[in-house]
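Working notes, beginning with the structure itself.
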Amino acid sequence: MGVILMIEIKNLTKRFDDKTAIDKLTSTVKSGIICGLAGSNGSGKSTLLRMLTGVYQPDGGEILIDGKNIFDNAEVKSQCYYISDYPYFDSGDTLKKMADFTRSMYSNWDDDYYRKLCEYFPLNRFSSIINMSKGMQRQAAIILAFATRPKYIFMDEIFDGLDPVIRQMLKKLIIENVTDNGMTAVIASHNLREFDDICDNLIMLHNGKIVDNGSVDDMKSVSFRVQIAFNRDVDVDIFAGLNTMNIMQRSRYFSFIVSGDEAEIRTRLSSLEPAFIDLSPLTLEEIFIKEMGGVGYEVV
Amino acid sequence: MKSSKLKNFRPILWHTFRKNLGLCIAYWVVLAVFPLRSIISVMSINQRYATPQEINQLKYISAYSIDSFLITAIALVFTTIVGLRAFSYLHNKRKTDYYGSLPISRRTHLFSVYTSLALMTIIPLFLSTVISVLSAGFTNTVAELSELFGIQVLAVLGNISFITLLSVFSGTLVDMIVSYSLVNIGIPIIILLLNVLASMLPGSGELSFFEYNFFTTTPYNPIGMEVNLPLVTIFSPLLAPFAVNKMPFIENIVSRPLPTAPHTTFHIIWWVILTVGMTVLALHLIGKRRAEAAQSGFAFVQARETVKTVSGIAGGMLGGFIVSAIVLDTLEGSAFALWYMIGFLMFSFVIHIVLQMVYNKNIKGIKKFLLNWGISAIFGIGAFVLIMTGMFGYVTRVPQASEVESVSFVGVSDDSINQLSIDEYVEDDYENDGYHTIVMTEKEQIKSAIKLHENMIKFAQEQSIFIYQQNYDSGNSYDGYEDLSDLSIIYKLKDGSTLTRYYTANYGYDYAEDKNFKDIIVEKNISNLKSFEYEKVKVEIFNDDGTCYNFYGKDYAEYFELDKQDEKFVDKTGTHLKSWIEAVKKDYIAKGEAKYDDSNPKEYISIIISTEDSVTDFNIDKSYKNTLNCLLSMKDLNNFRRESDEEN
């Protein structure tokens, strides 16, 4: 029987004193995809990442990577790399020194790829990293991470501090590694615009619980932004029966979010004989706001 | 095949070393100064054209005088500083994220850092020792310096293990430093102050530092209670190495060579066990440690509460003494107990508040706070009450006569015990100078000794309502009891054990006036008089007017050098001396010790009879008719003199 290549999160719980940061969370992340981890502030994204990388020990449940528990498991960890929201570098650390250390720790270290990455990201290998800008420190962490050729890479707020060019390069790098090497990437961020063009899957968290979890395409295929106008006076009740949210009315013009099957929604709206109708998929940010509204965390 | 359990042990070992390379270089440079100094000294010795023996001796001194204290202290400070840095991966969130995700098990990581720290401290120590040994000509110092190196290695490992364990317990660097300091200082304070309290008990004697036994006697100090430094530093890795009496540093302080006593061996064994124990515990707990404790709080709150309790007790005890000393003139009686307790509660409360702020950063959880303070109070005040109410019968313990093989009274010279008794100097005069001993083996004498001891305890019970205490004001130790000396009672029991009780003169019991003590002295003197070989004695007779008569047994000169002029006072036939001592015996047995009468000093004659190994010292008066008559008859022989006449 072959090993299942994926991340399995089973009934995961993490508590800090009286606060439950992750509450009986269950999910799976298939191998070879890019999974976004979004959530409200304090929702448990970073905590979940720390447990996924074996930094924190769960108080309940377990995390299996390729069928093996990651906590305190050097073998599994050697296939993973974690870039935290504030990558750690000591005073005196240069990219060269850190590469030497990382090379000695990770058996999959790829020297050729390391050199290539150093060309992608223009950093001085012999300068002290701690004296570099926040974005350059992240680039150093990215070089070290990808040079280990990880099977699983976990990144926390990785796009913070990167300029648009480097952001695009990073996205390209992630996609290349996922498509060419079967790498799985889990990226935690509150900036969902960055997820829009790279994430295959999205896990949304609020108060340590999953609000939504699934493929980005599926999420986008069930929620739409509707802009509709009538050439007669109509009441908002006209949309009764549709699963609508955030209805905004300006005279005979309405804008709202609606969930459901696209064809069915179109048929229903057409039957209302509007003068104008536009049905477009939601952005991930809009989906996020919509989902959070569903759990009582909404824009007032 | 590479063991997966030890995967990445070596990279972390080197990584830790490289991260601390700067400090390592500084440490090595400082350490190199000592053997360098030794080499320069040895080179200068060779230029003096001394004899080979002198050169060896000087080489030995030179190599051995490399300050073991300084080197050990430097090594410990180095391990502490580097240890705090090296284990900070457990206390800093960013480091925890980075190192926690590395492909290495927590135990391997911890052990790797531990090993790295040990190697970077011990290797320079080893090299320093080797250079010192070689510079002194190898054989001169190899044994001593190897032993010293062994102790230093143990000290370093003990300190690293302690730091490792505390690192696992602690969540922040501040917690770590505070806890390290408190445990290293707090526990010694508690044990020291418990010793001080115990020394207040009748029978316990006075405290003396830099000795190596506790509630026992040593050849160096046959009386009194001594602070056991290995015991005081039993949980203090920073101080413990300096309590090992093989340290030349300690020998310098006490100004004499120290033997390897059994407790030293115990001390070393204890630290080996503790070092291994702390390491194993740290390796066990690191697997269970909550990484999120970094920059937050203690990973194991039990450790934090223990440190708080220990510090509360130490601070409280210190406070008890400080407040008592401020309020009272002397630390005695119920007033001392009351002010001690008030001081204890005040200081331990303040310590708990401060530690609550340091560790918890708030004063929430008043119930838990009060509980912790209460635990400190129960331990601290409980120990005080237990000790001061007799320490589980310590004060009132007197053995049965049937249990006792012999009893010894040991007193300090030039006091009552010297005036009243026979003093039996034990063989090694160097070690026992100043102490006089009466050893009792006869059944009746033992019974009298026990009775005397019981009277002393009864005296203690009559002095205080609920606590036992001898006057602690050592500044007035003999005030009012000028005629009394400190008295140590040592029971040698039939089961091979020894029971020692030591009463200072200021304890206040006038044992010299106790009938039992007098009986013992008389019995002992009579026993001694009976056993004299007349040919080997020297007799000195002192009148209260300052005149003195000496005469000697015919063989006395074989044992003691006599001045030419004194040879005429030797009883060559031995008959006069024999008849005189027989007369003394007869009078002494019939009348006992003559009591000195201040109002009529002319009636009082003091007699000292010395032999090779004893001195008999007693008084006679006019009622000693046989003795006086015999003296008069000896005068006819003209072989004694009036010294005061000759001086004039």
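Every chain in the structure tokens has a letter given in the order shown (A, B, ...), and although residue numbers restart at 1 in each chain, ligands are simply numbered from 1 in the order shown.
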#### Entry: chain A contacts to chain B at 10 Å (only C-alpha atoms) as a ChimeraX atom specification
/A:16,47,50-59,70-93,97-98,100-107
### Query
If you count only C-alpha atoms, which residues fall within 8 Å of Leu272 of chain A, apart from same-chain ones fewer than 3 positions away, as number ranges by chain?
A: 238, 268-269
Taking 4 positions as the minimum chain separation for residues in the same chain, which residues sit within 9 Å of Gly135 of chain A when counting only C-alpha atoms? Answer as an mmCIF file with N, CA and C atoms, in the first residue's frame.
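The file below, part_7.cif, is the result:
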```cif
data_model
loop_
_atom_site.group_PDB
_atom_site.id
_atom_site.type_symbol
_atom_site.label_atom_id
_atom_site.label_comp_id
_atom_site.auth_asym_id
_atom_site.auth_seq_id
_atom_site.Cartn_x
_atom_site.Cartn_y
_atom_site.Cartn_z
ATOM 1 N N GLN A 139 13.950 37.855 1.120
ATOM 2 C CA GLN A 139 14.536 37.233 -0.075
ATOM 3 C C GLN A 139 15.611 36.220 0.329
ATOM 4 N N ALA A 140 16.397 36.590 1.336
ATOM 5 C CA ALA A 140 17.440 35.660 1.822
ATOM 6 C C ALA A 140 16.792 34.380 2.325
ATOM 7 N N PHE A 159 4.635 37.701 1.371
ATOM 8 C CA PHE A 159 4.654 38.807 0.405
ATOM 9 C C PHE A 159 4.874 40.173 1.070
ATOM 10 N N ASP A 160 4.777 40.198 2.410
ATOM 11 C CA ASP A 160 4.975 41.466 3.125
ATOM 12 C C ASP A 160 6.379 42.006 2.872
ATOM 13 N N GLY A 161 6.462 43.241 2.499
ATOM 14 C CA GLY A 161 7.764 43.881 2.350
ATOM 15 C C GLY A 161 8.444 43.641 1.022
ATOM 16 N N LEU A 162 7.824 42.822 0.156
ATOM 17 C CA LEU A 162 8.445 42.568 -1.158
ATOM 18 C C LEU A 162 7.885 43.551 -2.180
ATOM 19 N N ASP A 163 8.768 44.033 -3.037
ATOM 20 C CA ASP A 163 8.268 44.950 -4.071
ATOM 21 C C ASP A 163 7.532 44.129 -5.137
ATOM 22 N N ILE A 166 9.652 41.571 -7.165
ATOM 23 C CA ILE A 166 10.073 40.391 -6.392
ATOM 24 C C ILE A 166 8.867 39.507 -6.074
#
```
### Query
Do you know which residues are at most 12 Å from Lys591 of chain B counting only C-alpha atoms, after dropping those on the same chain fewer than 5 positions away, and could you put them as a PyMOL selection string?
chain B and resi 522+526+584-586+619-627
### Query
At what distance in Å, to one decimal, does atom CA of Ile277 of chain A lie from atom CA of Arg252 of chain A?
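Those two atoms sit 12.2 Å apart.
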### Task
Using DSSP on the backbone coordinates, identify the residues of segment 163-272 of chain A assigned to strand (DSSP E or B); present them as a PyMOL selection string.
chain A and resi 184-188+201-206+209-215+223-229+243-250+253-259
### Message
Rounded to one decimal, what separation in Å do you get between atom CA of Ser221 of chain A and atom CA of Ser270 of chain A?
### Response
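It comes out at 18.9 Å.
For the choices B:Leu577, B:Ile387, B:Ile607, B:Ile71, the atom-to-atom distance to Ala32 of chain B is smallest for B:Ile71 when using only C-alpha atoms.
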### Atomic distance atom CA of Ser133 of chain A - atom CA of Met169 of chain A, expressed in Å with one decimal
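Distance reported for this atom pair: 17.8 Å.
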#### Entry: Residues within 12 Å of Val295 of chain A, only C-alpha atoms, excluding chain neighbours under 4 positions, as a PyMOL selection string
chain A and resi 39-40+204-207+209-212+288-291+299
Export of prior selection with N, CA, C and O atoms as a tab-separated table (two decimals), in the first residue's frame:
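The resulting file, again23.tsv, is reproduced below:
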```
chain	number	residue	atom	x	y	z
A	39	GLY	N	-7.46	34.34	6.99
A	39	GLY	CA	-8.25	34.39	8.21
A	39	GLY	C	-8.23	35.77	8.82
A	39	GLY	O	-7.41	36.60	8.46
A	40	SER	N	-9.16	35.96	9.75
A	40	SER	CA	-9.20	37.23	10.45
A	40	SER	C	-7.97	37.34	11.35
A	40	SER	O	-7.26	36.34	11.58
A	204	MET	N	-10.06	29.10	5.02
A	204	MET	CA	-10.36	30.34	5.74
A	204	MET	C	-10.63	30.03	7.19
A	204	MET	O	-11.42	29.14	7.52
A	205	LEU	N	-9.95	30.80	8.04
A	205	LEU	CA	-10.07	30.55	9.48
A	205	LEU	C	-10.68	31.75	10.19
A	205	LEU	O	-10.44	32.89	9.81
A	206	HIS	N	-11.43	31.45	11.21
A	206	HIS	CA	-11.90	32.50	12.12
A	206	HIS	C	-12.03	31.88	13.51
A	206	HIS	O	-12.67	30.83	13.67
A	207	ASN	N	-11.41	32.52	14.47
A	207	ASN	CA	-11.44	32.01	15.86
A	207	ASN	C	-11.02	30.54	15.96
A	207	ASN	O	-11.63	29.76	16.69
A	209	LYS	N	-11.31	28.18	13.91
A	209	LYS	CA	-12.16	27.19	13.22
A	209	LYS	C	-12.17	27.49	11.73
A	209	LYS	O	-11.98	28.64	11.31
A	210	ILE	N	-12.43	26.45	10.93
A	210	ILE	CA	-12.50	26.65	9.49
A	210	ILE	C	-13.86	27.24	9.13
A	210	ILE	O	-14.91	26.72	9.53
A	211	VAL	N	-13.79	28.35	8.40
A	211	VAL	CA	-15.02	28.97	7.92
A	211	VAL	C	-15.35	28.41	6.53
A	211	VAL	O	-16.50	28.10	6.22
A	212	ASP	N	-14.31	28.31	5.73
A	212	ASP	CA	-14.50	27.73	4.39
A	212	ASP	C	-13.20	27.04	4.00
A	212	ASP	O	-12.12	27.47	4.39
A	288	PHE	N	-13.91	36.26	1.08
A	288	PHE	CA	-13.49	36.27	2.49
A	288	PHE	C	-14.45	37.12	3.33
A	288	PHE	O	-14.94	36.68	4.37
A	289	ILE	N	-14.72	38.33	2.82
A	289	ILE	CA	-15.61	39.23	3.56
A	289	ILE	C	-16.99	38.59	3.70
A	289	ILE	O	-17.62	38.63	4.75
A	290	LYS	N	-17.42	37.97	2.62
A	290	LYS	CA	-18.73	37.32	2.63
A	290	LYS	C	-18.77	36.19	3.68
A	290	LYS	O	-19.69	36.11	4.50
A	291	GLU	N	-17.72	35.36	3.67
A	291	GLU	CA	-17.70	34.23	4.60
A	291	GLU	C	-17.60	34.69	6.04
A	291	GLU	O	-18.23	34.14	6.93
A	299	VAL	N	-18.04	43.86	8.06
A	299	VAL	CA	-17.80	45.30	8.01
A	299	VAL	C	-19.05	45.99	8.53
A	299	VAL	O	-20.15	45.73	8.05
```
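Comparing the minimum interatomic distances between Lys134 of chain A and each of A:Ile158, A:Ile34, A:Ile22, A:Leu170, counting only C-alpha atoms, we find that A:Ile158 sits nearest.
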### Task
Just the residues within 10 Å of Leu529 of chain B, please, counting only C-alpha atoms, with nothing from its chain fewer than 3 positions along; format it as a list in words.
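Answer for this query is Glu523, Lys524, Asn525, Ile526, Phe532, Glu533, Tyr534, Ile581, Glu582, Val584, Lys585, Tyr588, Ile589, Ile609 and Thr616 of chain B.
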